[in-house]
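Source file: input-v9.csv (CSV, C-alpha atoms)
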```csv
chain,number,residue,atom,x,y,z
A,231,MET,CA,-74.8,-17.4,7.9
A,232,THR,CA,-71.2,-16.7,7.0
A,233,ILE,CA,-68.2,-15.2,8.8
A,234,VAL,CA,-65.4,-13.0,7.4
A,235,GLN,CA,-62.0,-14.6,7.1
A,236,LEU,CA,-58.7,-12.9,6.3
A,237,SER,CA,-56.4,-14.5,3.8
A,238,ILE,CA,-52.9,-13.1,4.1
A,239,PHE,CA,-50.2,-13.9,1.6
A,240,ILE,CA,-46.8,-14.3,3.3
A,241,GLU,CA,-43.4,-15.2,2.0
A,242,ASN,CA,-41.9,-18.3,3.6
A,243,ARG,CA,-39.0,-16.6,5.3
A,244,SER,CA,-38.1,-15.6,8.8
A,245,GLY,CA,-39.9,-12.5,10.1
A,246,THR,CA,-42.9,-12.3,7.8
A,247,LEU,CA,-45.4,-14.0,10.1
A,248,ILE,CA,-44.3,-11.9,13.1
A,249,LYS,CA,-45.0,-8.7,11.1
A,250,VAL,CA,-48.6,-9.7,10.7
A,251,LEU,CA,-49.0,-10.8,14.3
A,252,GLU,CA,-47.5,-7.5,15.6
A,253,VAL,CA,-49.8,-5.4,13.4
A,254,LEU,CA,-52.8,-7.2,14.9
A,255,LYS,CA,-51.4,-7.0,18.4
A,256,ASP,CA,-50.7,-3.2,18.1
A,257,ALA,CA,-54.3,-2.8,16.8
A,258,GLN,CA,-55.6,-4.9,19.8
A,259,ILE,CA,-57.4,-7.3,17.4
A,260,GLN,CA,-58.0,-10.7,18.9
A,261,ILE,CA,-57.2,-13.8,16.7
A,262,ILE,CA,-59.8,-16.4,17.2
A,263,ALA,CA,-58.5,-19.1,14.9
A,264,SER,CA,-55.8,-19.4,12.2
A,265,THR,CA,-54.2,-21.8,9.9
A,266,ILE,CA,-51.3,-21.6,7.4
A,267,ALA,CA,-51.2,-23.5,4.1
A,268,ASP,CA,-47.7,-23.3,2.6
A,269,THR,CA,-45.9,-23.9,-0.6
A,270,ALA,CA,-42.1,-23.7,-1.1
A,271,GLU,CA,-42.0,-19.9,-1.4
A,272,TYR,CA,-45.3,-18.5,-0.1
A,273,GLY,CA,-48.0,-19.3,2.4
A,274,ILE,CA,-51.6,-18.4,2.9
A,275,TYR,CA,-52.3,-17.4,6.5
A,276,ARG,CA,-56.1,-17.7,7.0
A,277,LEU,CA,-57.5,-16.2,10.1
A,278,ILE,CA,-60.7,-15.4,11.9
A,279,CYS,CA,-60.5,-12.5,14.2
A,280,SER,CA,-62.6,-10.1,16.3
A,281,GLU,CA,-62.6,-7.2,13.8
A,282,PRO,CA,-61.9,-8.5,10.3
A,283,GLN,CA,-62.6,-5.2,8.4
A,284,ARG,CA,-60.4,-3.2,10.7
A,285,ALA,CA,-57.7,-5.9,10.7
A,286,CYS,CA,-57.7,-5.8,6.9
A,287,GLU,CA,-57.3,-2.0,6.9
A,288,GLU,CA,-54.5,-2.2,9.4
A,289,LEU,CA,-52.6,-4.9,7.5
A,290,LYS,CA,-53.0,-3.1,4.2
A,291,ARG,CA,-51.7,0.1,5.8
A,292,ALA,CA,-48.6,-1.9,6.9
A,293,GLY,CA,-48.1,-3.2,3.3
A,294,VAL,CA,-49.3,-6.7,3.9
A,295,PRO,CA,-51.2,-8.4,1.0
A,296,VAL,CA,-54.6,-9.4,2.5
A,297,SER,CA,-58.0,-10.2,1.2
A,298,LEU,CA,-61.4,-10.8,2.9
A,299,SER,CA,-63.7,-13.7,2.0
A,300,ASN,CA,-66.9,-15.2,3.4
A,301,VAL,CA,-66.6,-18.7,4.8
A,302,PHE,CA,-69.1,-20.9,6.6
A,303,ALA,CA,-68.7,-21.8,10.2
A,304,LEU,CA,-70.6,-24.6,11.9
A,305,GLU,CA,-71.0,-25.2,15.6
A,306,LEU,CA,-70.5,-28.8,16.5
A,307,ASP,CA,-70.8,-30.8,19.7
A,308,ASN,CA,-67.3,-31.6,21.0
A,309,GLN,CA,-67.6,-35.3,20.4
A,310,PRO,CA,-65.8,-37.7,18.1
A,311,GLY,CA,-67.5,-38.0,14.7
A,312,CYS,CA,-69.4,-34.7,14.6
A,313,ALA,CA,-67.2,-33.2,11.9
A,314,ALA,CA,-67.5,-36.4,9.8
A,315,GLU,CA,-71.3,-36.2,10.1
A,316,ALA,CA,-71.3,-32.5,9.1
A,317,ILE,CA,-69.1,-33.1,6.1
A,318,ALA,CA,-71.1,-36.2,5.0
A,319,THR,CA,-74.2,-33.9,4.8
A,320,PHE,CA,-72.4,-31.8,2.3
A,321,SER,CA,-71.0,-34.8,0.4
A,322,ARG,CA,-74.5,-36.3,0.0
A,323,ALA,CA,-75.6,-32.9,-1.4
A,324,HIS,CA,-72.7,-33.1,-3.9
A,325,ILE,CA,-71.1,-30.0,-2.4
A,326,SER,CA,-67.3,-29.9,-2.7
A,327,ILE,CA,-65.2,-28.4,0.2
A,328,SER,CA,-62.3,-26.2,-1.1
A,329,TYR,CA,-60.7,-26.2,2.3
A,330,MET,CA,-61.6,-26.4,6.0
A,331,TYR,CA,-60.1,-26.1,9.4
A,332,SER,CA,-61.5,-26.5,12.9
A,333,PHE,CA,-61.0,-25.4,16.5
A,334,LEU,CA,-62.5,-25.5,19.9
A,335,LEU,CA,-64.3,-22.5,21.3
A,336,GLY,CA,-65.5,-23.1,24.9
A,337,ASP,CA,-67.1,-26.5,24.9
A,338,LYS,CA,-68.1,-26.5,21.2
A,339,GLY,CA,-66.2,-27.5,18.1
A,340,ILE,CA,-66.2,-24.9,15.2
A,341,LEU,CA,-65.8,-26.2,11.7
A,342,VAL,CA,-64.8,-23.5,9.1
A,343,PHE,CA,-65.0,-24.2,5.4
A,344,ARG,CA,-65.2,-22.7,2.0
A,345,THR,CA,-67.0,-24.1,-1.0
A,346,ASP,CA,-67.4,-23.0,-4.6
A,347,ASN,CA,-71.2,-23.5,-4.3
A,348,ALA,CA,-72.2,-21.1,-1.4
A,349,GLU,CA,-75.9,-21.0,-2.3
A,350,GLN,CA,-76.3,-24.8,-2.3
A,351,ALA,CA,-74.3,-24.9,1.0
A,352,ARG,CA,-76.7,-22.4,2.6
A,353,GLN,CA,-79.7,-24.5,1.5
A,354,THR,CA,-78.1,-27.7,2.9
A,355,ILE,CA,-77.3,-26.0,6.2
A,356,LEU,CA,-80.9,-24.8,6.6
A,357,GLU,CA,-82.5,-28.0,5.3
A,358,ASN,CA,-80.4,-30.2,7.7
A,359,HIS,CA,-80.8,-27.8,10.7
A,360,LEU,CA,-77.1,-27.5,11.1
A,361,ARG,CA,-76.0,-24.9,13.7
A,362,TYR,CA,-74.1,-22.1,12.0
A,363,ILE,CA,-72.3,-19.1,13.3
A,364,SER,CA,-72.7,-15.7,11.7
A,365,GLU,CA,-70.5,-12.6,12.1
A,366,PRO,CA,-72.6,-11.1,14.9
A,367,ASP,CA,-72.4,-14.5,16.8
A,368,LEU,CA,-68.6,-14.5,16.4
A,369,SER,CA,-68.2,-11.0,17.7
A,370,CYS,CA,-69.9,-12.0,20.9
A,371,LEU,CA,-67.6,-15.0,21.3
A,372,ALA,CA,-64.3,-13.1,20.8
```
Would you mind writing the structure in this file as structure tokens?
Amino acid sequence: MTIVQLSIFIENRSGTLIKVLEVLKDAQIQIIASTIADTAEYGIYRLICSEPQRACEELKRAGVPVSLSNVFALELDNQPGCAAEAIATFSRAHISISYMYSFLLGDKGILVFRTDNAEQARQTILENHLRYISEPDLSCLA
């Protein structure tokens, strides 16, 4: 019910992001989605890719600080308001969202999020018949 996300800690200076991208390029790992949250000195580059375990190994081998985490990914219709409806479902269940980002994949919207209450999020997804993406599904889409 979850997918694996890489969180890469990069310094906010010229050249650090390209190092990450070149490692993934050389390993022929496809980036599916990514986002950067930054502070004055460092950023967290979160990404979903075709082979997260191998990507993590390649980045570590290159000296890049990286970690893996499980996040939820929901498939939404590509229509205005679908993300709001999905997040409202979690809000009604009193589930806080730590962070989220979204992207389009084909004709579907994908909403990726992390919460500090994964078990309750799982229950909410199942009880409300939300369409979720798991790691095998993502591999087929990449």
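Note that CA of Gln309 (chain A) and CA of Leu334 (chain A) are 11.1 Å apart.
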Can you write out as a tab-separated table which residues of region 309-367 of chain A fall within 10 Å of region 269-280 of chain A, alongside each residue's closest atom pair and its distance in Å to one decimal, counting only C-alpha atoms and ordering rows by chain and ascending residue number?
```
residue	atom	partner	partner_atom	distance
A:Tyr331	CA	A:Arg276	CA	9.6
A:Val342	CA	A:Ile278	CA	9.5
A:Glu365	CA	A:Ser280	CA	9.3
```
*With a distance cut-off of 7 Å and only C-alpha atoms, select the neighbouring residues of Ser297 (chain A), excluding the residue or stretch itself and same-chain residues fewer than 4 positions from it, and output the selection as a ChimeraX atom specification.*
/A:236-238
Requested write-out: C-alpha atoms of the selected residues, as a PDB file, keeping the file's coordinate frame:
```pdb
ATOM      1  CA  LEU A 236     -58.700 -12.900   6.300  1.00  0.00           C
ATOM      2  CA  SER A 237     -56.400 -14.500   3.800  1.00  0.00           C
ATOM      3  CA  ILE A 238     -52.900 -13.100   4.100  1.00  0.00           C
TER       4      ILE A 238
END
```
_Selection: 8 Å around Ala303 (chain A), all atoms listed in the file, excl. self and same-chain fewer than 5 positions, as JSON, numbers by chain_ = {"A": [231, 232, 233, 340, 341, 342, 343, 362, 363, 364]}
*Would you mind telling me which residue in A:Asn308, A:Ser321, A:Asn347, A:Thr246 lies nearest to Pro295 (chain A) when using only C-alpha atoms?*
A:Thr246
*Leu254 (chain A): which residues within 8 Å, counting only C-alpha atoms, same-chain residues fewer than 5 positions away excluded, as a PyMOL selection string?*
chain A and resi 259-260+285+288-289
Those selected residues, please, written with C-alpha atoms and delivered as an mmCIF file, keeping the file's coordinate frame.
```cif
data_model
loop_
_atom_site.group_PDB
_atom_site.id
_atom_site.type_symbol
_atom_site.label_atom_id
_atom_site.label_comp_id
_atom_site.auth_asym_id
_atom_site.auth_seq_id
_atom_site.Cartn_x
_atom_site.Cartn_y
_atom_site.Cartn_z
ATOM 1 C CA ILE A 259 -57.400 -7.300 17.400
ATOM 2 C CA GLN A 260 -58.000 -10.700 18.900
ATOM 3 C CA ALA A 285 -57.700 -5.900 10.700
ATOM 4 C CA GLU A 288 -54.500 -2.200 9.400
ATOM 5 C CA LEU A 289 -52.600 -4.900 7.500
#
```
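Note that the spacing between CA of Val294 (chain A) and CA of Ile327 (chain A) amounts to 27.2 Å.
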*One decimal, Å: what's the distance from CA of Leu298 (chain A) over to CA of Val234 (chain A), could you say?*
6.4 Å
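Checking A:Asp337, A:Glu357, A:Asp256, A:Asp307 one by one against Thr319 (chain A), counting only C-alpha atoms, you find the shortest gap at A:Glu357.
When only C-alpha atoms are used to compute distances to Val253 (chain A), the closest of the residues A:Gly339, A:Glu241, A:Ala318, A:Lys290 turns out to be A:Lys290.
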